[in-house]
>>> print(open('upload_15.pdb').read())   # PDB, C-alpha atoms and all ligand atoms
ATOM      1  CA  MET A  11      17.147 -56.373   8.388
ATOM      2  CA  GLN A  12      17.950 -59.088  10.844
ATOM      3  CA  GLN A  13      14.918 -61.008   9.765
ATOM      4  CA  THR A  14      16.213 -62.024   6.346
ATOM      5  CA  ASP A  15      19.351 -63.688   7.729
ATOM      6  CA  GLU A  16      17.689 -65.319  10.695
ATOM      7  CA  PRO A  17      17.681 -69.103  10.553
ATOM      8  CA  ARG A  18      14.236 -70.659  10.250
ATOM      9  CA  THR A  19      13.283 -71.598  13.745
ATOM     10  CA  GLU A  20      10.559 -73.919  14.833
ATOM     11  CA  THR A  21       8.514 -71.157  16.442
ATOM     12  CA  ARG A  22       8.348 -69.161  13.218
ATOM     13  CA  SER A  23       6.936 -72.079  11.240
ATOM     14  CA  ALA A  24       3.172 -72.209  10.885
ATOM     15  CA  VAL A  25       3.430 -75.990  10.552
ATOM     16  CA  ARG A  26       6.421 -78.197  11.114
ATOM     17  CA  PHE A  27       6.979 -81.924  10.546
ATOM     18  CA  ASP A  28      10.030 -83.250  12.286
ATOM     19  CA  HIS A  29      11.037 -86.787  11.244
ATOM     20  CA  VAL A  30       7.430 -87.927  11.229
ATOM     21  CA  TYR A  31       6.509 -91.581  10.856
ATOM     22  CA  LYS A  32       2.963 -92.883  10.748
ATOM     23  CA  ALA A  33       2.062 -96.554  10.808
ATOM     24  CA  PHE A  34      -1.455 -97.967  10.560
ATOM     25  CA  VAL A  35      -2.751-101.384  11.455
ATOM     26  CA  ALA A  36      -3.412-102.898   8.036
ATOM     27  CA  ARG A  37      -7.002-102.471   6.848
ATOM     28  CA  SER A  38      -6.847-105.862   5.188
ATOM     29  CA  GLY A  39      -6.382-107.400   8.610
ATOM     30  CA  GLY A  40      -2.751-108.484   8.004
ATOM     31  CA  SER A  41      -0.470-108.503  11.008
ATOM     32  CA  GLU A  42       2.156-106.159   9.565
ATOM     33  CA  PRO A  43       1.345-102.476  10.105
ATOM     34  CA  VAL A  44       1.290-100.285   6.980
ATOM     35  CA  LEU A  45       3.865 -97.523   7.064
ATOM     36  CA  ALA A  46       2.053 -94.523   5.552
ATOM     37  CA  LEU A  47       4.709 -91.889   6.263
ATOM     38  CA  GLN A  48       8.413 -92.401   6.694
ATOM     39  CA  ASP A  49      10.743 -89.726   8.039
ATOM     40  CA  VAL A  50       8.810 -86.725   6.736
ATOM     41  CA  THR A  51      10.419 -83.394   7.589
ATOM     42  CA  PHE A  52       9.333 -80.002   6.287
ATOM     43  CA  ASP A  53       8.171 -76.679   7.537
ATOM     44  CA  ALA A  54       5.577 -74.284   6.222
ATOM     45  CA  GLN A  55       6.191 -70.599   6.855
ATOM     46  CA  PRO A  56       3.333 -68.241   7.711
ATOM     47  CA  GLY A  57       1.529 -67.253   4.519
ATOM     48  CA  GLU A  58       3.010 -69.979   2.341
ATOM     49  CA  PHE A  59       0.814 -71.868  -0.097
ATOM     50  CA  ILE A  60       2.135 -75.418  -0.327
ATOM     51  CA  SER A  61       0.795 -78.238  -2.473
ATOM     52  CA  LEU A  62       1.286 -81.912  -1.670
ATOM     53  CA  VAL A  63       1.365 -84.167  -4.721
ATOM     54  CA  GLY A  64       2.149 -87.846  -5.200
ATOM     55  CA  PRO A  65       0.557 -91.170  -6.160
ATOM     56  CA  SER A  66      -2.607 -92.348  -4.380
ATOM     57  CA  GLY A  67      -1.882 -93.824  -1.000
ATOM     58  CA  CYS A  68       1.401 -91.963  -0.471
ATOM     59  CA  GLY A  69       0.166 -90.342   2.728
ATOM     60  CA  LYS A  70      -1.018 -86.867   1.669
ATOM     61  CA  SER A  71      -4.312 -87.031   3.554
ATOM     62  CA  THR A  72      -2.498 -88.594   6.482
ATOM     63  CA  CYS A  73      -0.273 -85.480   6.660
ATOM     64  CA  LEU A  74      -3.307 -83.195   6.808
ATOM     65  CA  ASN A  75      -4.976 -85.376   9.446
ATOM     66  CA  LEU A  76      -1.863 -85.152  11.614
ATOM     67  CA  ILE A  77      -1.949 -81.336  11.431
ATOM     68  CA  ALA A  78      -5.662 -81.360  12.254
ATOM     69  CA  GLY A  79      -4.866 -83.651  15.187
ATOM     70  CA  LEU A  80      -7.277 -86.339  13.992
ATOM     71  CA  SER A  81      -4.510 -88.816  14.716
ATOM     72  CA  GLY A  82      -1.012 -88.613  16.144
ATOM     73  CA  PRO A  83       2.366 -89.544  14.635
ATOM     74  CA  SER A  84       3.859 -92.949  15.435
ATOM     75  CA  ASP A  85       7.229 -91.250  15.773
ATOM     76  CA  GLY A  86       8.571 -87.733  15.316
ATOM     77  CA  ALA A  87       6.662 -84.523  15.949
ATOM     78  CA  VAL A  88       4.071 -82.364  14.229
ATOM     79  CA  SER A  89       3.816 -78.793  15.461
ATOM     80  CA  HIS A  90       1.564 -75.852  14.769
ATOM     81  CA  HIS A  91       3.015 -72.390  15.470
ATOM     82  CA  GLY A  92       5.722 -73.985  17.561
ATOM     83  CA  SER A  93       3.500 -76.165  19.774
ATOM     84  CA  PRO A  94       3.072 -79.890  19.301
ATOM     85  CA  VAL A  95      -0.378 -80.834  17.969
ATOM     86  CA  ARG A  96      -2.150 -82.745  20.729
ATOM     87  CA  GLY A  97      -5.726 -83.842  20.165
ATOM     88  CA  VAL A  98      -8.086 -82.264  17.661
ATOM     89  CA  ASN A  99      -6.678 -78.965  16.463
ATOM     90  CA  THR A 100      -9.714 -76.720  16.075
ATOM     91  CA  SER A 101      -7.645 -73.687  15.151
ATOM     92  CA  VAL A 102      -6.930 -74.959  11.655
ATOM     93  CA  GLY A 103      -9.505 -74.809   8.860
ATOM     94  CA  TYR A 104     -10.061 -78.107   7.018
ATOM     95  CA  ILE A 105     -11.730 -78.339   3.606
ATOM     96  CA  THR A 106     -12.230 -81.788   2.118
ATOM     97  CA  GLN A 107     -13.506 -83.068  -1.203
ATOM     98  CA  ASP A 108     -17.059 -83.415   0.134
ATOM     99  CA  ASP A 109     -18.540 -80.028   0.788
ATOM    100  CA  ASN A 110     -20.219 -81.208   4.006
ATOM    101  CA  LEU A 111     -22.851 -78.487   3.837
ATOM    102  CA  LEU A 112     -25.773 -78.976   6.196
ATOM    103  CA  PRO A 113     -28.790 -79.697   3.969
ATOM    104  CA  TRP A 114     -31.259 -78.049   6.357
ATOM    105  CA  ARG A 115     -29.375 -74.763   6.433
ATOM    106  CA  SER A 116     -29.454 -72.090   3.748
ATOM    107  CA  LEU A 117     -26.260 -71.008   1.990
ATOM    108  CA  ARG A 118     -25.981 -68.099   4.413
ATOM    109  CA  GLY A 119     -26.672 -70.368   7.383
ATOM    110  CA  ASN A 120     -23.920 -72.712   6.254
ATOM    111  CA  VAL A 121     -21.400 -69.919   5.733
ATOM    112  CA  GLU A 122     -22.189 -68.544   9.195
ATOM    113  CA  LEU A 123     -21.947 -71.913  10.929
ATOM    114  CA  GLY A 124     -18.253 -71.804  11.898
ATOM    115  CA  MET A 125     -18.570 -68.254  13.207
ATOM    116  CA  GLU A 126     -21.680 -69.235  15.142
ATOM    117  CA  LEU A 127     -19.818 -72.081  16.809
ATOM    118  CA  ARG A 128     -17.039 -69.651  17.681
ATOM    119  CA  GLY A 129     -19.479 -67.268  19.314
ATOM    120  CA  VAL A 130     -19.158 -64.440  16.772
ATOM    121  CA  GLU A 131     -21.967 -61.947  17.350
ATOM    122  CA  ARG A 132     -24.895 -62.074  14.918
ATOM    123  CA  ARG A 133     -24.386 -58.775  13.141
ATOM    124  CA  GLU A 134     -20.716 -59.328  12.526
ATOM    125  CA  ARG A 135     -21.458 -62.860  11.353
ATOM    126  CA  ARG A 136     -24.003 -61.618   8.855
ATOM    127  CA  GLU A 137     -21.711 -58.897   7.512
ATOM    128  CA  ARG A 138     -18.711 -61.143   7.133
ATOM    129  CA  ALA A 139     -20.725 -63.914   5.515
ATOM    130  CA  GLN A 140     -22.228 -61.429   3.059
ATOM    131  CA  GLU A 141     -18.810 -60.050   2.133
ATOM    132  CA  PHE A 142     -17.494 -63.526   1.306
ATOM    133  CA  ILE A 143     -20.690 -64.562  -0.482
ATOM    134  CA  GLU A 144     -20.245 -61.535  -2.739
ATOM    135  CA  LEU A 145     -16.553 -62.209  -3.273
ATOM    136  CA  VAL A 146     -17.317 -65.551  -4.873
ATOM    137  CA  GLY A 147     -20.319 -64.317  -6.845
ATOM    138  CA  LEU A 148     -23.010 -66.067  -4.814
ATOM    139  CA  SER A 149     -25.132 -63.002  -4.034
ATOM    140  CA  GLY A 150     -28.767 -63.687  -4.691
ATOM    141  CA  PHE A 151     -28.414 -67.298  -3.500
ATOM    142  CA  GLU A 152     -28.133 -66.567   0.246
ATOM    143  CA  ASP A 153     -31.467 -68.192   1.063
ATOM    144  CA  HIS A 154     -31.046 -71.197  -1.217
ATOM    145  CA  TYR A 155     -30.515 -74.633   0.301
ATOM    146  CA  PRO A 156     -27.585 -76.849  -0.753
ATOM    147  CA  HIS A 157     -29.755 -79.073  -2.989
ATOM    148  CA  GLU A 158     -30.745 -75.949  -4.955
ATOM    149  CA  LEU A 159     -27.109 -75.075  -5.738
ATOM    150  CA  SER A 160     -24.793 -76.415  -8.460
ATOM    151  CA  GLY A 161     -21.687 -78.439  -7.581
ATOM    152  CA  GLY A 162     -19.468 -75.403  -8.130
ATOM    153  CA  MET A 163     -21.672 -73.225  -5.927
ATOM    154  CA  ARG A 164     -21.660 -75.777  -3.120
ATOM    155  CA  LYS A 165     -17.866 -75.955  -3.378
ATOM    156  CA  ARG A 166     -17.603 -72.154  -3.107
ATOM    157  CA  ALA A 167     -19.898 -72.195  -0.083
ATOM    158  CA  GLY A 168     -17.791 -74.889   1.608
ATOM    159  CA  ILE A 169     -14.607 -72.946   0.968
ATOM    160  CA  ILE A 170     -15.824 -69.567   2.167
ATOM    161  CA  ARG A 171     -17.424 -71.188   5.217
ATOM    162  CA  THR A 172     -13.899 -72.115   6.316
ATOM    163  CA  LEU A 173     -12.010 -69.047   5.069
ATOM    164  CA  VAL A 174     -14.516 -66.631   6.616
ATOM    165  CA  TYR A 175     -13.173 -67.190  10.126
ATOM    166  CA  ASP A 176      -9.583 -66.371   9.302
ATOM    167  CA  SER A 177      -7.675 -69.454  10.419
ATOM    168  CA  SER A 178      -3.956 -68.893  10.055
ATOM    169  CA  VAL A 179      -3.592 -72.437   8.685
ATOM    170  CA  VAL A 180      -5.991 -73.940   6.151
ATOM    171  CA  LEU A 181      -5.858 -77.572   5.002
ATOM    172  CA  MET A 182      -7.467 -78.479   1.688
ATOM    173  CA  ASP A 183      -7.714 -82.104   0.551
ATOM    174  CA  GLU A 184      -8.450 -82.331  -3.183
ATOM    175  CA  PRO A 185     -11.145 -79.686  -2.769
ATOM    176  CA  PHE A 186     -11.868 -79.365  -6.496
ATOM    177  CA  GLY A 187     -11.609 -83.090  -7.227
ATOM    178  CA  PRO A 188     -15.089 -83.839  -8.544
ATOM    179  CA  LEU A 189     -15.577 -80.643 -10.560
ATOM    180  CA  ASP A 190     -15.325 -80.205 -14.313
ATOM    181  CA  ALA A 191     -12.150 -78.642 -15.712
ATOM    182  CA  GLN A 192     -13.616 -75.176 -16.387
ATOM    183  CA  THR A 193     -15.198 -74.839 -12.968
ATOM    184  CA  ARG A 194     -11.934 -75.927 -11.365
ATOM    185  CA  VAL A 195      -9.987 -73.131 -13.003
ATOM    186  CA  ILE A 196     -12.611 -70.553 -12.037
ATOM    187  CA  LEU A 197     -12.455 -71.759  -8.443
ATOM    188  CA  GLN A 198      -8.646 -71.683  -8.466
ATOM    189  CA  ALA A 199      -8.780 -68.022  -9.454
ATOM    190  CA  GLU A 200     -11.310 -67.321  -6.703
ATOM    191  CA  LEU A 201      -9.269 -69.206  -4.147
ATOM    192  CA  LEU A 202      -6.186 -67.135  -5.010
ATOM    193  CA  LYS A 203      -8.202 -63.955  -4.605
ATOM    194  CA  LEU A 204      -9.443 -65.066  -1.188
ATOM    195  CA  TRP A 205      -6.000 -66.240  -0.130
ATOM    196  CA  GLU A 206      -4.418 -62.891  -1.103
ATOM    197  CA  ARG A 207      -6.731 -61.096   1.348
ATOM    198  CA  SER A 208      -5.348 -62.610   4.533
ATOM    199  CA  ARG A 209      -2.564 -64.924   3.318
ATOM    200  CA  PRO A 210      -3.150 -67.933   5.539
ATOM    201  CA  THR A 211      -0.710 -70.818   5.325
ATOM    202  CA  VAL A 212      -2.352 -73.341   3.010
ATOM    203  CA  LEU A 213      -1.553 -77.043   2.665
ATOM    204  CA  PHE A 214      -3.303 -78.175  -0.479
ATOM    205  CA  VAL A 215      -3.532 -81.766  -1.724
ATOM    206  CA  THR A 216      -4.089 -82.228  -5.443
ATOM    207  CA  HIS A 217      -3.488 -84.674  -8.292
ATOM    208  CA  ASP A 218      -3.514 -81.844 -10.791
ATOM    209  CA  LEU A 219       0.021 -80.577 -11.445
ATOM    210  CA  VAL A 220      -1.180 -77.511 -13.357
ATOM    211  CA  GLU A 221      -3.376 -76.604 -10.417
ATOM    212  CA  ALA A 222      -0.460 -77.083  -8.015
ATOM    213  CA  ILE A 223       1.736 -74.763 -10.082
ATOM    214  CA  ALA A 224      -0.974 -72.125 -10.515
ATOM    215  CA  LEU A 225      -1.625 -71.892  -6.778
ATOM    216  CA  SER A 226       1.545 -72.696  -4.880
ATOM    217  CA  ASP A 227       4.720 -71.162  -3.532
ATOM    218  CA  ARG A 228       6.096 -74.649  -2.991
ATOM    219  CA  ILE A 229       5.211 -78.135  -4.193
ATOM    220  CA  LEU A 230       6.168 -81.176  -2.140
ATOM    221  CA  VAL A 231       6.366 -84.345  -4.201
ATOM    222  CA  PHE A 232       5.844 -87.517  -2.166
ATOM    223  CA  THR A 233       7.215 -90.930  -3.026
ATOM    224  CA  THR A 234       4.929 -93.879  -3.425
ATOM    225  CA  ASN A 235       4.067 -95.690  -0.201
ATOM    226  CA  PRO A 236       5.639 -95.304   2.337
ATOM    227  CA  GLY A 237       5.448 -91.562   1.761
ATOM    228  CA  THR A 238       8.625 -89.573   2.080
ATOM    229  CA  ILE A 239       9.330 -86.213   0.512
ATOM    230  CA  LYS A 240      11.066 -86.819  -2.788
ATOM    231  CA  ARG A 241      11.390 -83.194  -3.839
ATOM    232  CA  ASP A 242      10.542 -79.744  -2.530
ATOM    233  CA  TYR A 243      10.023 -77.376  -5.479
ATOM    234  CA  ARG A 244       9.850 -73.621  -5.130
ATOM    235  CA  VAL A 245       7.425 -72.103  -7.638
ATOM    236  CA  GLU A 246       9.030 -68.853  -8.695
ATOM    237  CA  LEU A 247       6.274 -67.707 -11.084
ATOM    238  CA  PRO A 248       5.271 -64.115 -10.260
ATOM    239  CA  ARG A 249       2.090 -63.247  -8.377
ATOM    240  CA  PRO A 250      -0.666 -62.332  -8.770
ATOM    241  CA  ARG A 251      -1.220 -65.335 -11.027
ATOM    242  CA  ASP A 252      -3.905 -65.980 -13.563
ATOM    243  CA  PRO A 253      -4.851 -69.673 -13.503
ATOM    244  CA  PHE A 254      -6.493 -69.245 -16.938
ATOM    245  CA  ARG A 255      -3.146 -68.412 -18.526
ATOM    246  CA  ILE A 256      -0.698 -70.078 -16.175
ATOM    247  CA  HIS A 257       0.643 -72.383 -18.902
ATOM    248  CA  GLU A 258       1.831 -69.321 -20.859
ATOM    249  CA  THR A 259       3.951 -68.039 -17.956
ATOM    250  CA  PRO A 260       7.717 -68.347 -18.525
ATOM    251  CA  GLY A 261       9.083 -71.200 -16.418
ATOM    252  CA  PHE A 262       5.777 -73.096 -16.368
ATOM    253  CA  SER A 263       6.696 -75.843 -18.847
ATOM    254  CA  GLU A 264      10.056 -76.659 -17.277
ATOM    255  CA  LEU A 265       8.483 -76.991 -13.854
ATOM    256  CA  HIS A 266       5.552 -79.027 -15.163
ATOM    257  CA  ASP A 267       7.921 -81.428 -16.975
ATOM    258  CA  ALA A 268      10.106 -81.856 -13.902
ATOM    259  CA  LEU A 269       7.098 -82.552 -11.665
ATOM    260  CA  TRP A 270       5.631 -84.985 -14.141
ATOM    261  CA  ASP A 271       8.935 -86.897 -14.432
ATOM    262  CA  ASP A 272       9.038 -87.236 -10.648
ATOM    263  CA  ILE A 273       5.460 -88.407 -10.373
ATOM    264  CA  ARG A 274       5.739 -90.799 -13.301
ATOM    265  CA  ALA A 275       8.748 -92.468 -11.727
ATOM    266  CA  GLU A 276       6.789 -92.959  -8.504
ATOM    267  CA  ILE A 277       3.726 -94.320 -10.277
ATOM    268  CA  GLU A 278       5.921 -96.779 -12.191
ATOM    269  CA  LYS A 279       7.509 -97.897  -8.937
ATOM    270  CA  SER A 280       4.138 -98.600  -7.382
ATOM    271  CA  ARG A 281       3.003-100.473 -10.537
ATOM    272  CA  GLU A 282       6.083-102.678 -10.431
ATOM    273  CA  ARG A 283       5.171-103.580  -6.883
ATOM    274  CA  GLY A 284       1.666-104.380  -8.051
ATOM    275  CA  SER A 285       0.180-102.105  -5.443
ATOM    276  CA  SER A 286      -1.704 -99.674  -7.633
TER     277      SER A 286
HETATM  278  N1  LIG B   1      -7.198 -95.054   9.192
HETATM  279  C1  LIG B   1      -6.406 -95.836   8.470
HETATM  280  N2  LIG B   1      -6.254 -97.154   8.775
HETATM  281  C2  LIG B   1      -5.435 -97.958   8.071
HETATM  282  N3  LIG B   1      -4.700 -97.535   7.023
HETATM  283  C3  LIG B   1      -4.800 -96.250   6.657
HETATM  284  C4  LIG B   1      -5.656 -95.331   7.349
HETATM  285  N4  LIG B   1      -5.543 -94.109   6.768
HETATM  286  C5  LIG B   1      -4.667 -94.260   5.755
HETATM  287  N5  LIG B   1      -4.227 -95.540   5.694
HETATM  288  C6  LIG B   1      -3.229 -96.063   4.743
HETATM  289  O1  LIG B   1      -2.132 -95.167   4.735
HETATM  290  C7  LIG B   1      -1.653 -94.958   3.427
HETATM  291  C8  LIG B   1      -1.734 -93.483   3.069
HETATM  292  O2  LIG B   1      -3.085 -93.089   2.963
HETATM  293  P1  LIG B   1      -3.549 -91.622   2.595
HETATM  294  O3  LIG B   1      -2.900 -90.658   3.501
HETATM  295  O4  LIG B   1      -5.023 -91.624   2.575
HETATM  296  O5  LIG B   1      -2.958 -91.441   1.107
HETATM  297  P2  LIG B   1      -3.249 -90.326  -0.006
HETATM  298  O6  LIG B   1      -4.102 -89.267   0.620
HETATM  299  O7  LIG B   1      -1.917 -89.850  -0.418
HETATM  300  O8  LIG B   1      -3.945 -91.025  -1.132
HETATM  301  C9  LIG B   1      -2.470 -95.856   2.523
HETATM  302  O9  LIG B   1      -1.793 -97.074   2.387
HETATM  303  C10 LIG B   1      -3.744 -96.057   3.313
HETATM  304  O10 LIG B   1      -4.372 -97.267   3.000
HETATM  305 MG    MG B   2      -6.015 -88.617   0.115
END
>>> encode(input="upload_15.pdb", output="structure tokens")
Amino acid sequence: MQQTDEPRTETRSAVRFDHVYKAFVARSGGSEPVLALQDVTFDAQPGEFISLVGPSGCGKSTCLNLIAGLSGPSDGAVSHHGSPVRGVNTSVGYITQDDNLLPWRSLRGNVELGMELRGVERRERRERAQEFIELVGLSGFEDHYPHELSGGMRKRAGIIRTLVYDSSVVLMDEPFGPLDAQTRVILQAELLKLWERSRPTVLFVTHDLVEAIALSDRILVFTTNPGTIKRDYRVELPRPRDPFRIHETPGFSELHDALWDDIRAEIEKSRERGSS
């Protein structure tokens, strides 16, 4: 009972950004640093699926890199289960647009890699890998090498390779970016199925607003550079969701229109500044 009225505390958040700023030395060699993130504050509760959307260059990838500890904030704090992220954070799973499969390892070998590095015993590794391979319909391809798989298959392999070791926080940076529209929707449905099994906290970067709605509990809209959070939408559509029919769900159109208005305003702003 108490739980529902309890204020959200830092220790209960899976990920928390507290007035985070991130400046980079300009790539173009100019003397002024580029402010990528400005005063970003949000928290992700355990099990929440959150999408980050906004114009290119607004700092979405930078947010994920801060959680992964690949770089540190210039000001403010980023924490993971209540502790500040210091150095590379190996307890989060990170899936990027490139599948990064090792070409000399079979599909099974790639899926087992993370578990191998974590010292999971061989039998358990094999069983778990097989379970996930079956879940995404890749049985029969276990011994195939990445170059023998389609783009969609490689994507699936990259995703299950990370989800198979049950990180409580998973970062995904435009994971379905290069795929065709049909394959994307199939993979969205598979991702939801996998996510429902263990409900990790997911921070998911996408340009696709329909995808963001289909997958997320919340959608954070970022402003054009420097990135700040313009809006934090709660997606109230019921679960389980069917990405194939998400546009027919009551409430979808209103949310899609509102998101699109926000994004369009930001894109126009960046055009006016001549920076896009
Ligand atoms: N390592 C870096 N060095 C210099 N500038 C960077 C670096 N990483 C990102 N930036 C700059 O920070 C801003 C945000 O980048 P990024 O997080 O990649 O945006 P997004 O993922 O939203 O497209 C951009 O202006 C980008 O050029
Ligand atoms: Mg990016």
>>> axis_aligned_box(input="upload_15.pdb", around="ligand LIG 1 (chain B)", padding_each_side="5 Å", output="lines of an AutoDock Vina configuration file")
center_x = -4.4
center_y = -93.6
center_z = 4.0
size_x = 15.5
size_y = 18.7
size_z = 20.3
>>> resolve_selection(input="upload_15.pdb", expression="the PyMOL selection byres (((not hetatm)) within 8 of (chain B and resi 1))", output="JSON list (two decimals) with C-alpha atoms, in the frame of the given file")
[["chain", "number", "residue", "atom", "x", "y", "z"],
["A", 33, "ALA", "CA", 2.06, -96.55, 10.81],
["A", 34, "PHE", "CA", -1.46, -97.97, 10.56],
["A", 35, "VAL", "CA", -2.75, -101.38, 11.46],
["A", 36, "ALA", "CA", -3.41, -102.90, 8.04],
["A", 37, "ARG", "CA", -7.00, -102.47, 6.85],
["A", 44, "VAL", "CA", 1.29, -100.28, 6.98],
["A", 45, "LEU", "CA", 3.86, -97.52, 7.06],
["A", 46, "ALA", "CA", 2.05, -94.52, 5.55],
["A", 47, "LEU", "CA", 4.71, -91.89, 6.26],
["A", 63, "VAL", "CA", 1.36, -84.17, -4.72],
["A", 64, "GLY", "CA", 2.15, -87.85, -5.20],
["A", 65, "PRO", "CA", 0.56, -91.17, -6.16],
["A", 66, "SER", "CA", -2.61, -92.35, -4.38],
["A", 67, "GLY", "CA", -1.88, -93.82, -1.00],
["A", 68, "CYS", "CA", 1.40, -91.96, -0.47],
["A", 69, "GLY", "CA", 0.17, -90.34, 2.73],
["A", 70, "LYS", "CA", -1.02, -86.87, 1.67],
["A", 71, "SER", "CA", -4.31, -87.03, 3.55],
["A", 72, "THR", "CA", -2.50, -88.59, 6.48],
["A", 73, "CYS", "CA", -0.27, -85.48, 6.66],
["A", 215, "VAL", "CA", -3.53, -81.77, -1.72],
["A", 235, "ASN", "CA", 4.07, -95.69, -0.20],
["A", 236, "PRO", "CA", 5.64, -95.30, 2.34],
["A", 237, "GLY", "CA", 5.45, -91.56, 1.76]]
>>> residues_around(input="upload_15.pdb", residues="Val179 of chain A", least_positions_apart="4", cutoff="12 Å", atoms="all atoms listed in the file", output="mmCIF file with C-alpha atoms, keeping the file's coordinate frame")
data_model
loop_
_atom_site.group_PDB
_atom_site.id
_atom_site.type_symbol
_atom_site.label_atom_id
_atom_site.label_comp_id
_atom_site.auth_asym_id
_atom_site.auth_seq_id
_atom_site.Cartn_x
_atom_site.Cartn_y
_atom_site.Cartn_z
ATOM 1 C CA SER A 23 6.936 -72.079 11.240
ATOM 2 C CA ALA A 24 3.172 -72.209 10.885
ATOM 3 C CA VAL A 25 3.430 -75.990 10.552
ATOM 4 C CA ARG A 26 6.421 -78.197 11.114
ATOM 5 C CA ALA A 54 5.577 -74.284 6.222
ATOM 6 C CA GLN A 55 6.191 -70.599 6.855
ATOM 7 C CA PRO A 56 3.333 -68.241 7.711
ATOM 8 C CA GLY A 57 1.529 -67.253 4.519
ATOM 9 C CA GLU A 58 3.010 -69.979 2.341
ATOM 10 C CA PHE A 59 0.814 -71.868 -0.097
ATOM 11 C CA ILE A 60 2.135 -75.418 -0.327
ATOM 12 C CA LEU A 74 -3.307 -83.195 6.808
ATOM 13 C CA ILE A 77 -1.949 -81.336 11.431
ATOM 14 C CA ALA A 78 -5.662 -81.360 12.254
ATOM 15 C CA SER A 89 3.816 -78.793 15.461
ATOM 16 C CA HIS A 90 1.564 -75.852 14.769
ATOM 17 C CA HIS A 91 3.015 -72.390 15.470
ATOM 18 C CA ASN A 99 -6.678 -78.965 16.463
ATOM 19 C CA THR A 100 -9.714 -76.720 16.075
ATOM 20 C CA SER A 101 -7.645 -73.687 15.151
ATOM 21 C CA VAL A 102 -6.930 -74.959 11.655
ATOM 22 C CA GLY A 103 -9.505 -74.809 8.860
ATOM 23 C CA TYR A 104 -10.061 -78.107 7.018
ATOM 24 C CA ILE A 105 -11.730 -78.339 3.606
ATOM 25 C CA THR A 172 -13.899 -72.115 6.316
ATOM 26 C CA LEU A 173 -12.010 -69.047 5.069
ATOM 27 C CA TYR A 175 -13.173 -67.190 10.126
ATOM 28 C CA TRP A 205 -6.000 -66.240 -0.130
ATOM 29 C CA SER A 208 -5.348 -62.610 4.533
ATOM 30 C CA ARG A 209 -2.564 -64.924 3.318
ATOM 31 C CA PRO A 210 -3.150 -67.933 5.539
ATOM 32 C CA THR A 211 -0.710 -70.818 5.325
ATOM 33 C CA VAL A 212 -2.352 -73.341 3.010
ATOM 34 C CA LEU A 213 -1.553 -77.043 2.665
ATOM 35 C CA PHE A 214 -3.303 -78.175 -0.479
#
>>> resolve_selection(input="upload_15.pdb", expression="the PyMOL selection byres (((chain A and resi 243) around 6) and not hetatm)", output="JSON, numbers by chain")
{"A": [228, 229, 242, 244]}
>>> write_last_selection(input="upload_15.pdb", atoms="C-alpha atoms", output="PDB file, keeping the file's coordinate frame")
ATOM      1  CA  ARG A 228       6.096 -74.649  -2.991  1.00  0.00           C
ATOM      2  CA  ILE A 229       5.211 -78.135  -4.193  1.00  0.00           C
ATOM      3  CA  ASP A 242      10.542 -79.744  -2.530  1.00  0.00           C
ATOM      4  CA  ARG A 244       9.850 -73.621  -5.130  1.00  0.00           C
TER       5      ARG A 244
END
>>> atom_distance(input="upload_15.pdb", atom1="atom CA of Leu265 of chain A", atom2="atom CA of Ile169 of chain A")
27.7 Å
>>> resolve_selection(input="upload_15.pdb", expression="the PyMOL selection byres (((chain A and resi 196) around 10) and not hetatm)", output="number ranges by chain")
A: 146, 162, 191-195, 197-201, 252-254
>>> closest_residue(input="upload_15.pdb", among="A:Thr106, A:Ser280, A:Thr233, A:Thr238", to="ligand MG 2 (chain B)", atoms="only C-alpha atoms and all ligand atoms")
A:Thr106
>>> closest_residue(input="upload_15.pdb", among="A:His266, A:His217, A:Arg115, A:Arg249", to="ligand MG 2 (chain B)", atoms="all atoms listed in the file")
A:His217
>>> residues_around(input="upload_15.pdb", residues="Val88 of chain A", least_positions_apart="3", cutoff="8 Å", atoms="only C-alpha atoms", output="list in words")
Val25, Arg26, Phe27, Asp28, Val30, Leu76, Ile77, Pro83, Pro94 and Val95 of chain A
>>> residues_around(input="upload_15.pdb", residues="Ile239 of chain A", least_positions_apart="5", cutoff="8 Å", atoms="only C-alpha atoms", output="ChimeraX atom specification")
/A:50-51,230-233
>>> write_last_selection(input="upload_15.pdb", atoms="C-alpha atoms", output="mmCIF file, in the frame of the given file")
data_model
loop_
_atom_site.group_PDB
_atom_site.id
_atom_site.type_symbol
_atom_site.label_atom_id
_atom_site.label_comp_id
_atom_site.auth_asym_id
_atom_site.auth_seq_id
_atom_site.Cartn_x
_atom_site.Cartn_y
_atom_site.Cartn_z
ATOM 1 C CA VAL A 50 8.810 -86.725 6.736
ATOM 2 C CA THR A 51 10.419 -83.394 7.589
ATOM 3 C CA LEU A 230 6.168 -81.176 -2.140
ATOM 4 C CA VAL A 231 6.366 -84.345 -4.201
ATOM 5 C CA PHE A 232 5.844 -87.517 -2.166
ATOM 6 C CA THR A 233 7.215 -90.930 -3.026
#
>>> closest_residue(input="upload_15.pdb", among="A:Leu62, A:Leu145, A:Leu80, A:Leu189", to="ligand MG 2 (chain B)", atoms="all atoms listed in the file")
A:Leu62
>>> closest_residue(input="upload_15.pdb", among="A:Thr234, A:Thr259, A:Thr216, A:Gln48", to="ligand MG 2 (chain B)", atoms="all atoms listed in the file")
A:Thr216
>>> closest_residue(input="upload_15.pdb", among="A:Tyr155, A:Gln107, A:Asp267, A:Arg171", to="ligand MG 2 (chain B)", atoms="only C-alpha atoms and all ligand atoms")
A:Gln107
